[in-house]
>>> print(open('target.txt').read())   # compact mmCIF, N, CA and C atoms
# COMPACT_ATOMS: atom_id res chain seq x y z
N SER A 9 6.06 2.48 -9.81
CA SER A 9 5.87 1.82 -8.53
C SER A 9 5.99 0.31 -8.70
N CYS A 10 6.11 -0.38 -7.59
CA CYS A 10 6.28 -1.83 -7.61
C CYS A 10 4.99 -2.52 -8.01
N ARG A 11 5.14 -3.59 -8.78
CA ARG A 11 3.99 -4.43 -9.10
C ARG A 11 3.74 -5.36 -7.92
N LEU A 12 2.51 -5.81 -7.80
CA LEU A 12 2.16 -6.74 -6.73
C LEU A 12 3.01 -8.00 -6.82
N SER A 13 3.28 -8.46 -8.02
CA SER A 13 4.10 -9.67 -8.18
C SER A 13 5.52 -9.46 -7.66
N ASP A 14 6.06 -8.23 -7.78
CA ASP A 14 7.38 -7.94 -7.23
C ASP A 14 7.36 -8.05 -5.71
N TRP A 15 6.31 -7.52 -5.11
CA TRP A 15 6.20 -7.60 -3.65
C TRP A 15 5.99 -9.03 -3.20
N ALA A 16 5.26 -9.82 -3.98
CA ALA A 16 5.06 -11.22 -3.63
C ALA A 16 6.40 -11.94 -3.58
N VAL A 17 7.27 -11.69 -4.54
CA VAL A 17 8.61 -12.29 -4.53
C VAL A 17 9.40 -11.80 -3.32
N ALA A 18 9.26 -10.53 -3.01
CA ALA A 18 10.01 -9.94 -1.90
C ALA A 18 9.58 -10.51 -0.55
N GLU A 19 8.34 -10.93 -0.44
CA GLU A 19 7.86 -11.44 0.84
C GLU A 19 7.82 -12.96 0.90
N ALA A 20 8.09 -13.63 -0.20
CA ALA A 20 8.03 -15.09 -0.23
C ALA A 20 9.28 -15.70 0.39
N ASN A 21 9.15 -16.94 0.81
CA ASN A 21 10.27 -17.72 1.33
C ASN A 21 11.01 -17.01 2.46
N ILE A 22 10.26 -16.50 3.42
CA ILE A 22 10.84 -15.68 4.48
C ILE A 22 11.84 -16.45 5.35
N TYR A 23 11.57 -17.72 5.62
CA TYR A 23 12.50 -18.49 6.46
C TYR A 23 13.81 -18.75 5.73
N THR A 24 13.72 -19.10 4.46
CA THR A 24 14.93 -19.29 3.65
C THR A 24 15.71 -17.98 3.62
N ARG A 25 15.00 -16.89 3.44
CA ARG A 25 15.62 -15.56 3.38
C ARG A 25 16.34 -15.24 4.70
N LEU A 26 15.67 -15.45 5.82
CA LEU A 26 16.26 -15.10 7.11
C LEU A 26 17.46 -15.98 7.45
N LEU A 27 17.39 -17.27 7.11
CA LEU A 27 18.52 -18.16 7.38
C LEU A 27 19.72 -17.85 6.48
N ASN A 28 19.51 -17.08 5.43
CA ASN A 28 20.61 -16.61 4.58
C ASN A 28 21.16 -15.27 5.07
N GLY A 29 20.60 -14.76 6.16
CA GLY A 29 21.07 -13.51 6.71
C GLY A 29 20.52 -12.28 6.01
N HIS A 30 19.50 -12.47 5.18
CA HIS A 30 18.90 -11.33 4.48
C HIS A 30 17.93 -10.62 5.40
N PRO A 31 17.83 -9.31 5.27
CA PRO A 31 16.80 -8.60 6.03
C PRO A 31 15.43 -8.90 5.44
N TYR A 32 14.41 -8.52 6.16
CA TYR A 32 13.05 -8.66 5.63
C TYR A 32 13.00 -7.97 4.28
N ALA A 33 12.67 -8.68 3.25
CA ALA A 33 12.87 -8.23 1.87
C ALA A 33 12.22 -6.91 1.48
N PRO A 34 10.98 -6.63 1.86
CA PRO A 34 10.41 -5.35 1.40
C PRO A 34 11.22 -4.13 1.83
N MET A 35 12.02 -4.27 2.87
CA MET A 35 12.86 -3.14 3.28
C MET A 35 13.92 -2.86 2.23
N LYS A 36 14.23 -3.84 1.37
CA LYS A 36 15.24 -3.65 0.34
C LYS A 36 14.65 -3.12 -0.96
N MET A 37 13.32 -3.07 -1.06
CA MET A 37 12.69 -2.68 -2.32
C MET A 37 12.80 -1.17 -2.51
N ASP A 38 13.32 -0.76 -3.63
CA ASP A 38 13.36 0.66 -3.95
C ASP A 38 12.04 1.05 -4.59
N PRO A 39 11.69 2.32 -4.58
CA PRO A 39 10.39 2.74 -5.11
C PRO A 39 10.15 2.33 -6.56
N GLY A 40 11.17 2.23 -7.35
CA GLY A 40 10.99 1.86 -8.74
C GLY A 40 11.04 0.36 -9.00
N CYS A 41 11.52 -0.38 -8.04
CA CYS A 41 11.62 -1.84 -8.11
C CYS A 41 12.51 -2.33 -9.24
N THR A 42 13.31 -1.48 -9.82
CA THR A 42 14.10 -1.89 -10.97
C THR A 42 15.22 -2.84 -10.59
N GLU A 43 15.98 -2.51 -9.55
CA GLU A 43 17.09 -3.36 -9.14
C GLU A 43 16.71 -4.27 -7.99
N SER A 44 15.69 -3.90 -7.22
CA SER A 44 15.33 -4.64 -6.03
C SER A 44 14.81 -6.03 -6.31
N TYR A 45 14.06 -6.17 -7.38
CA TYR A 45 13.44 -7.46 -7.69
C TYR A 45 14.50 -8.55 -7.78
N ALA A 46 15.54 -8.31 -8.53
CA ALA A 46 16.60 -9.31 -8.67
C ALA A 46 17.34 -9.53 -7.35
N ALA A 47 17.45 -8.50 -6.54
CA ALA A 47 18.19 -8.60 -5.29
C ALA A 47 17.47 -9.47 -4.26
N VAL A 48 16.16 -9.57 -4.34
CA VAL A 48 15.42 -10.32 -3.32
C VAL A 48 14.93 -11.68 -3.79
N LYS A 49 15.02 -11.97 -5.07
CA LYS A 49 14.55 -13.26 -5.58
C LYS A 49 15.53 -14.35 -5.16
N LEU A 50 15.00 -15.45 -4.63
CA LEU A 50 15.84 -16.53 -4.13
C LEU A 50 15.83 -17.72 -5.08
N ASN A 51 16.83 -18.61 -4.91
CA ASN A 51 16.93 -19.80 -5.75
C ASN A 51 17.45 -20.98 -4.93
N GLN A 52 17.76 -22.08 -5.59
CA GLN A 52 18.20 -23.31 -4.92
C GLN A 52 19.46 -23.08 -4.08
N THR A 53 20.34 -22.22 -4.53
CA THR A 53 21.56 -21.93 -3.76
C THR A 53 21.21 -21.37 -2.40
N HIS A 54 20.19 -20.51 -2.35
CA HIS A 54 19.75 -19.95 -1.07
C HIS A 54 19.15 -21.03 -0.18
N LEU A 55 18.38 -21.94 -0.78
CA LEU A 55 17.81 -23.04 0.00
C LEU A 55 18.92 -23.91 0.58
N ASP A 56 19.91 -24.24 -0.22
CA ASP A 56 21.02 -25.06 0.25
C ASP A 56 21.75 -24.39 1.41
N PHE A 57 21.96 -23.10 1.31
CA PHE A 57 22.62 -22.36 2.38
C PHE A 57 21.76 -22.38 3.64
N ALA A 58 20.46 -22.17 3.48
CA ALA A 58 19.53 -22.18 4.63
C ALA A 58 19.53 -23.54 5.32
N LEU A 59 19.53 -24.60 4.53
CA LEU A 59 19.58 -25.95 5.12
C LEU A 59 20.88 -26.17 5.88
N GLY A 60 21.98 -25.68 5.34
CA GLY A 60 23.26 -25.78 6.04
C GLY A 60 23.24 -25.02 7.36
N ALA A 61 22.65 -23.85 7.34
CA ALA A 61 22.55 -23.05 8.57
C ALA A 61 21.66 -23.76 9.58
N LEU A 62 20.56 -24.32 9.13
CA LEU A 62 19.63 -25.01 10.01
C LEU A 62 20.29 -26.24 10.65
N GLN A 63 21.11 -26.92 9.90
CA GLN A 63 21.79 -28.12 10.42
C GLN A 63 22.82 -27.79 11.49
N GLN A 64 23.21 -26.53 11.61
CA GLN A 64 24.17 -26.12 12.63
C GLN A 64 23.50 -25.69 13.92
N ILE A 65 22.18 -25.65 13.94
CA ILE A 65 21.44 -25.22 15.13
C ILE A 65 21.27 -26.42 16.06
N ASP A 66 21.54 -26.22 17.33
CA ASP A 66 21.48 -27.32 18.31
C ASP A 66 20.09 -27.90 18.51
N LEU A 67 19.07 -27.06 18.46
CA LEU A 67 17.71 -27.53 18.69
C LEU A 67 16.77 -26.90 17.68
N VAL A 68 16.17 -27.74 16.87
CA VAL A 68 15.17 -27.30 15.90
C VAL A 68 13.85 -27.91 16.33
N LEU A 69 12.89 -27.07 16.69
CA LEU A 69 11.56 -27.51 17.08
C LEU A 69 10.53 -26.76 16.26
N MET A 70 9.59 -27.50 15.71
CA MET A 70 8.52 -26.89 14.95
C MET A 70 7.43 -26.47 15.94
N LEU A 71 6.78 -25.37 15.64
CA LEU A 71 5.74 -24.87 16.53
C LEU A 71 4.65 -25.92 16.74
N ASP A 72 4.28 -26.63 15.67
CA ASP A 72 3.22 -27.62 15.85
C ASP A 72 3.67 -28.78 16.74
N THR A 73 4.95 -29.09 16.79
CA THR A 73 5.44 -30.10 17.72
C THR A 73 5.30 -29.60 19.16
N ILE A 74 5.65 -28.36 19.37
CA ILE A 74 5.53 -27.78 20.71
C ILE A 74 4.08 -27.81 21.17
N GLN A 75 3.16 -27.50 20.26
CA GLN A 75 1.75 -27.44 20.63
C GLN A 75 1.10 -28.82 20.71
N SER A 76 1.47 -29.74 19.80
CA SER A 76 0.79 -31.03 19.77
C SER A 76 1.42 -32.05 20.69
N ASN A 77 2.69 -31.89 21.01
CA ASN A 77 3.38 -32.85 21.86
C ASN A 77 4.31 -32.11 22.83
N PRO A 78 3.71 -31.38 23.78
CA PRO A 78 4.53 -30.57 24.68
C PRO A 78 5.52 -31.38 25.52
N ALA A 79 5.23 -32.66 25.77
CA ALA A 79 6.17 -33.47 26.55
C ALA A 79 7.48 -33.67 25.79
N VAL A 80 7.38 -33.89 24.49
CA VAL A 80 8.57 -34.04 23.66
C VAL A 80 9.34 -32.73 23.62
N ALA A 81 8.62 -31.62 23.41
CA ALA A 81 9.26 -30.31 23.37
C ALA A 81 9.91 -29.98 24.71
N LYS A 82 9.22 -30.30 25.79
CA LYS A 82 9.76 -30.02 27.12
C LYS A 82 11.04 -30.82 27.36
N CYS A 83 11.03 -32.08 26.97
CA CYS A 83 12.22 -32.93 27.10
C CYS A 83 13.40 -32.30 26.36
N ALA A 84 13.19 -31.91 25.12
CA ALA A 84 14.27 -31.35 24.31
C ALA A 84 14.75 -30.01 24.86
N MET A 85 13.82 -29.15 25.25
CA MET A 85 14.21 -27.84 25.78
C MET A 85 14.93 -27.98 27.12
N LYS A 86 14.55 -28.97 27.91
CA LYS A 86 15.23 -29.20 29.18
C LYS A 86 16.67 -29.66 28.92
N LYS A 87 16.84 -30.61 27.99
CA LYS A 87 18.17 -31.16 27.74
C LYS A 87 19.11 -30.17 27.04
N ILE A 88 18.60 -29.38 26.12
CA ILE A 88 19.45 -28.46 25.37
C ILE A 88 19.55 -27.08 26.02
N LEU A 89 18.40 -26.56 26.47
CA LEU A 89 18.36 -25.19 26.96
C LEU A 89 18.30 -25.07 28.49
N GLY A 90 17.99 -26.19 29.16
CA GLY A 90 17.86 -26.14 30.61
C GLY A 90 16.52 -25.58 31.07
N TRP A 91 15.55 -25.47 30.16
CA TRP A 91 14.24 -24.91 30.50
C TRP A 91 13.36 -26.00 31.12
N ASP A 92 12.63 -25.63 32.16
CA ASP A 92 11.74 -26.57 32.83
C ASP A 92 10.31 -26.52 32.31
N ASP A 93 9.91 -25.42 31.72
CA ASP A 93 8.51 -25.29 31.32
C ASP A 93 8.40 -24.82 29.88
N VAL A 94 7.45 -25.40 29.18
CA VAL A 94 7.19 -25.01 27.80
C VAL A 94 5.71 -24.68 27.69
N ASN A 95 5.42 -23.45 27.35
CA ASN A 95 4.03 -23.05 27.18
C ASN A 95 3.97 -22.03 26.05
N VAL A 96 3.37 -22.43 24.95
CA VAL A 96 3.24 -21.54 23.81
C VAL A 96 1.75 -21.32 23.56
N PRO A 97 1.22 -20.21 24.04
CA PRO A 97 -0.22 -19.98 23.83
C PRO A 97 -0.52 -19.75 22.35
N HIS A 98 -1.67 -20.21 21.96
CA HIS A 98 -2.12 -20.04 20.57
C HIS A 98 -3.22 -18.99 20.57
N SER A 99 -3.01 -17.90 19.85
CA SER A 99 -3.97 -16.81 19.91
C SER A 99 -4.73 -16.55 18.62
N ASN A 100 -4.51 -17.36 17.59
CA ASN A 100 -5.19 -17.12 16.32
C ASN A 100 -6.29 -18.16 16.11
N ARG A 101 -7.28 -18.17 16.98
CA ARG A 101 -8.33 -19.17 16.91
C ARG A 101 -9.61 -18.63 16.28
N LYS A 102 -9.62 -17.38 15.88
CA LYS A 102 -10.81 -16.79 15.25
C LYS A 102 -11.00 -17.35 13.85
N ARG A 103 -12.24 -17.43 13.43
CA ARG A 103 -12.51 -17.88 12.06
C ARG A 103 -12.55 -16.71 11.09
N THR A 104 -12.51 -15.51 11.58
CA THR A 104 -12.47 -14.33 10.71
C THR A 104 -11.34 -13.44 11.18
N SER A 105 -10.93 -12.55 10.31
CA SER A 105 -9.89 -11.60 10.67
C SER A 105 -10.42 -10.19 10.41
N GLN A 106 -9.82 -9.24 11.06
CA GLN A 106 -10.23 -7.86 10.90
C GLN A 106 -9.34 -7.17 9.87
N CYS A 107 -9.93 -6.47 8.95
CA CYS A 107 -9.18 -5.70 7.98
C CYS A 107 -9.96 -4.42 7.73
N ALA A 108 -9.40 -3.32 8.12
CA ALA A 108 -10.05 -2.01 7.94
C ALA A 108 -11.47 -2.03 8.51
N GLY A 109 -11.63 -2.68 9.66
CA GLY A 109 -12.93 -2.67 10.33
C GLY A 109 -13.95 -3.64 9.76
N ARG A 110 -13.57 -4.42 8.75
CA ARG A 110 -14.51 -5.37 8.15
C ARG A 110 -14.14 -6.78 8.55
N ASN A 111 -15.15 -7.63 8.74
CA ASN A 111 -14.89 -9.05 8.93
C ASN A 111 -14.67 -9.68 7.57
N ILE A 112 -13.55 -10.36 7.43
CA ILE A 112 -13.23 -11.01 6.17
C ILE A 112 -13.09 -12.51 6.46
N PRO A 113 -13.80 -13.35 5.72
CA PRO A 113 -13.68 -14.79 5.98
C PRO A 113 -12.23 -15.24 5.87
N ALA A 114 -11.81 -16.07 6.82
CA ALA A 114 -10.44 -16.57 6.83
C ALA A 114 -10.36 -17.87 6.03
N LYS A 115 -10.91 -17.87 4.84
CA LYS A 115 -10.89 -19.05 3.99
C LYS A 115 -10.17 -18.70 2.69
N ALA A 116 -9.28 -19.57 2.31
CA ALA A 116 -8.56 -19.38 1.05
C ALA A 116 -9.06 -20.43 0.06
N THR A 117 -9.10 -20.06 -1.19
CA THR A 117 -9.49 -21.01 -2.22
C THR A 117 -8.31 -21.95 -2.52
N LYS A 118 -8.58 -23.03 -3.21
CA LYS A 118 -7.51 -23.95 -3.61
C LYS A 118 -6.49 -23.22 -4.48
N ASP A 119 -6.98 -22.35 -5.37
CA ASP A 119 -6.07 -21.57 -6.22
C ASP A 119 -5.18 -20.65 -5.38
N ASP A 120 -5.76 -20.04 -4.34
CA ASP A 120 -4.97 -19.18 -3.45
C ASP A 120 -3.86 -19.99 -2.77
N ILE A 121 -4.25 -21.15 -2.25
CA ILE A 121 -3.29 -21.99 -1.54
C ILE A 121 -2.20 -22.47 -2.50
N ASP A 122 -2.59 -22.89 -3.69
CA ASP A 122 -1.60 -23.33 -4.68
C ASP A 122 -0.63 -22.21 -5.03
N ALA A 123 -1.14 -21.00 -5.19
CA ALA A 123 -0.28 -19.85 -5.53
C ALA A 123 0.71 -19.55 -4.41
N VAL A 124 0.23 -19.59 -3.18
CA VAL A 124 1.11 -19.32 -2.03
C VAL A 124 2.18 -20.41 -1.92
N LEU A 125 1.78 -21.67 -2.09
CA LEU A 125 2.75 -22.76 -2.03
C LEU A 125 3.80 -22.64 -3.14
N GLN A 126 3.35 -22.26 -4.31
CA GLN A 126 4.30 -22.10 -5.42
C GLN A 126 5.27 -20.96 -5.16
N MET A 127 4.75 -19.82 -4.69
CA MET A 127 5.61 -18.66 -4.41
C MET A 127 6.60 -18.96 -3.29
N ASN A 128 6.22 -19.87 -2.39
CA ASN A 128 7.05 -20.18 -1.23
C ASN A 128 7.64 -21.58 -1.31
N SER A 129 7.92 -22.03 -2.51
CA SER A 129 8.38 -23.41 -2.71
C SER A 129 9.69 -23.70 -1.96
N LEU A 130 10.55 -22.72 -1.82
CA LEU A 130 11.80 -22.95 -1.09
C LEU A 130 11.51 -23.17 0.39
N ASP A 131 10.60 -22.39 0.96
CA ASP A 131 10.24 -22.58 2.36
C ASP A 131 9.49 -23.90 2.57
N VAL A 132 8.70 -24.32 1.60
CA VAL A 132 8.02 -25.61 1.70
C VAL A 132 9.05 -26.73 1.80
N GLU A 133 10.06 -26.68 0.95
CA GLU A 133 11.13 -27.69 0.99
C GLU A 133 11.95 -27.56 2.28
N LEU A 134 12.22 -26.34 2.69
CA LEU A 134 12.95 -26.11 3.94
C LEU A 134 12.19 -26.72 5.11
N TYR A 135 10.87 -26.55 5.13
CA TYR A 135 10.04 -27.11 6.20
C TYR A 135 10.14 -28.63 6.21
N LYS A 136 10.05 -29.25 5.04
CA LYS A 136 10.15 -30.72 4.97
C LYS A 136 11.49 -31.19 5.52
N GLN A 137 12.55 -30.52 5.12
CA GLN A 137 13.88 -30.88 5.60
C GLN A 137 14.04 -30.61 7.09
N ALA A 138 13.46 -29.51 7.56
CA ALA A 138 13.53 -29.16 8.98
C ALA A 138 12.83 -30.20 9.82
N ARG A 139 11.75 -30.76 9.30
CA ARG A 139 11.05 -31.85 10.00
C ARG A 139 12.00 -33.03 10.24
N GLY A 140 12.77 -33.37 9.22
CA GLY A 140 13.74 -34.46 9.36
C GLY A 140 14.83 -34.11 10.36
N ILE A 141 15.31 -32.88 10.31
CA ILE A 141 16.34 -32.42 11.25
C ILE A 141 15.79 -32.47 12.67
N GLU A 142 14.56 -32.00 12.85
CA GLU A 142 13.91 -32.03 14.17
C GLU A 142 13.83 -33.46 14.69
N THR A 143 13.38 -34.39 13.85
CA THR A 143 13.26 -35.79 14.27
C THR A 143 14.61 -36.37 14.67
N THR A 144 15.64 -36.09 13.88
CA THR A 144 16.98 -36.58 14.20
C THR A 144 17.45 -36.06 15.55
N ILE A 145 17.24 -34.78 15.80
CA ILE A 145 17.65 -34.17 17.07
C ILE A 145 16.87 -34.79 18.23
N LEU A 146 15.55 -34.89 18.07
CA LEU A 146 14.73 -35.42 19.16
C LEU A 146 15.08 -36.88 19.46
N GLU A 147 15.35 -37.66 18.44
CA GLU A 147 15.76 -39.05 18.65
C GLU A 147 17.11 -39.13 19.35
N SER A 148 18.05 -38.28 18.93
CA SER A 148 19.39 -38.32 19.54
C SER A 148 19.35 -37.90 21.02
N LEU A 149 18.38 -37.07 21.37
CA LEU A 149 18.22 -36.64 22.76
C LEU A 149 17.45 -37.65 23.60
N GLY A 150 16.85 -38.64 22.94
CA GLY A 150 16.01 -39.61 23.66
C GLY A 150 14.65 -39.05 24.02
N CYS A 151 14.19 -38.07 23.28
CA CYS A 151 12.91 -37.42 23.58
C CYS A 151 11.76 -38.00 22.77
N LEU A 152 12.05 -38.83 21.78
CA LEU A 152 10.97 -39.45 21.00
C LEU A 152 10.75 -40.88 21.43
>>> encode(input="target.txt", output="structure tokens")
Amino acid sequence: SCRLSDWAVAEANIYTRLLNGHPYAPMKMDPGCTESYAAVKLNQTHLDFALGALQQIDLVLMLDTIQSNPAVAKCAMKKILGWDDVNVPHSNRKRTSQCAGRNIPAKATKDDIDAVLQMNSLDVELYKQARGIETTILESLGCL
């Protein structure tokens, strides 16, 4: 059966994976994980491709921009998409989550956070670059 570390690789860097046209990775994992691990592991080439794909998108908006500065998001969506209203409700405001009927604290340790950031290093870099792309687009539209 698959090791947890194999599944971690398969689920990491989901945005980089999707912008490369890959399906959700665990769907590609075979029961023995012998060939699947190599098939789903990503590298710098995948990040470069994802960045290229992202740069071809007319409007890149980060969710936190939509939520923290809806006027900017509304301006951009009106100019690019023709939308008059922007409303993104936020529904994950609980401090605990439910898992098998138990309340589990929604707190991660520093080690947990470091491990997740390391496993998702391509998406972390993609996010940083996407921020720059978003700013460039918003400035060119006159929305900033």
>>> atom_distance(input="target.txt", atom1="atom C of A:Gln64", atom2="atom CA of A:Ile141")
10.2 Å
>>> atom_distance(input="target.txt", atom1="atom C of A:Ala138", atom2="atom C of A:Leu69")
7.7 Å
>>> closest_residue(input="target.txt", among="A:Leu50, A:Val94, A:Leu89, A:Met127", to="A:Ile74", atoms="only N, CA and C atoms")
A:Val94
>>> atom_distance(input="target.txt", atom1="atom C of A:His54", atom2="atom N of A:Glu142")
17.6 Å
>>> closest_residue(input="target.txt", among="A:Met70, A:Met85, A:Leu146, A:Leu134", to="A:Ala58", atoms="all atoms listed in the file")
A:Leu134
>>> residues_around(input="target.txt", residues="A:Asp92", least_positions_apart="5", cutoff="9 Å", atoms="only C-alpha atoms", output="PyMOL selection string")
chain A and resi 82-83+85-86
>>> residues_near_point(input="target.txt", point="(16.3, -38.7, 28.6)", cutoff="8 Å", atoms="only N, CA and C atoms", output="list in words")
Cys83, Lys87, Leu149, Gly150 and Cys151 of chain A
>>> decode(input="target.txt", residues="stretch 51-71 of chain A", atoms="C-alpha atoms", output="mmCIF file, in the first residue's frame")
data_model
loop_
_atom_site.group_PDB
_atom_site.id
_atom_site.type_symbol
_atom_site.label_atom_id
_atom_site.label_comp_id
_atom_site.auth_asym_id
_atom_site.auth_seq_id
_atom_site.Cartn_x
_atom_site.Cartn_y
_atom_site.Cartn_z
ATOM 1 C CA ASN A 51 9.752 20.010 -10.094
ATOM 2 C CA GLN A 52 10.912 23.455 -11.290
ATOM 3 C CA THR A 53 9.885 22.672 -14.868
ATOM 4 C CA HIS A 54 6.302 22.254 -13.687
ATOM 5 C CA LEU A 55 6.461 25.545 -11.792
ATOM 6 C CA ASP A 56 7.783 27.342 -14.879
ATOM 7 C CA PHE A 57 4.970 25.907 -16.985
ATOM 8 C CA ALA A 58 2.375 26.902 -14.355
ATOM 9 C CA LEU A 59 3.724 30.455 -14.277
ATOM 10 C CA GLY A 60 3.526 30.621 -18.060
ATOM 11 C CA ALA A 61 -0.066 29.429 -17.973
ATOM 12 C CA LEU A 62 -0.934 31.933 -15.247
ATOM 13 C CA GLN A 63 0.560 34.790 -17.259
ATOM 14 C CA GLN A 64 -1.840 33.992 -20.113
ATOM 15 C CA ILE A 65 -4.930 34.464 -17.929
ATOM 16 C CA ASP A 66 -6.686 37.805 -18.412
ATOM 17 C CA LEU A 67 -7.620 38.294 -14.764
ATOM 18 C CA VAL A 68 -5.775 36.865 -11.786
ATOM 19 C CA LEU A 69 -7.369 37.724 -8.432
ATOM 20 C CA MET A 70 -6.377 36.276 -5.106
ATOM 21 C CA LEU A 71 -9.203 35.330 -2.773
#
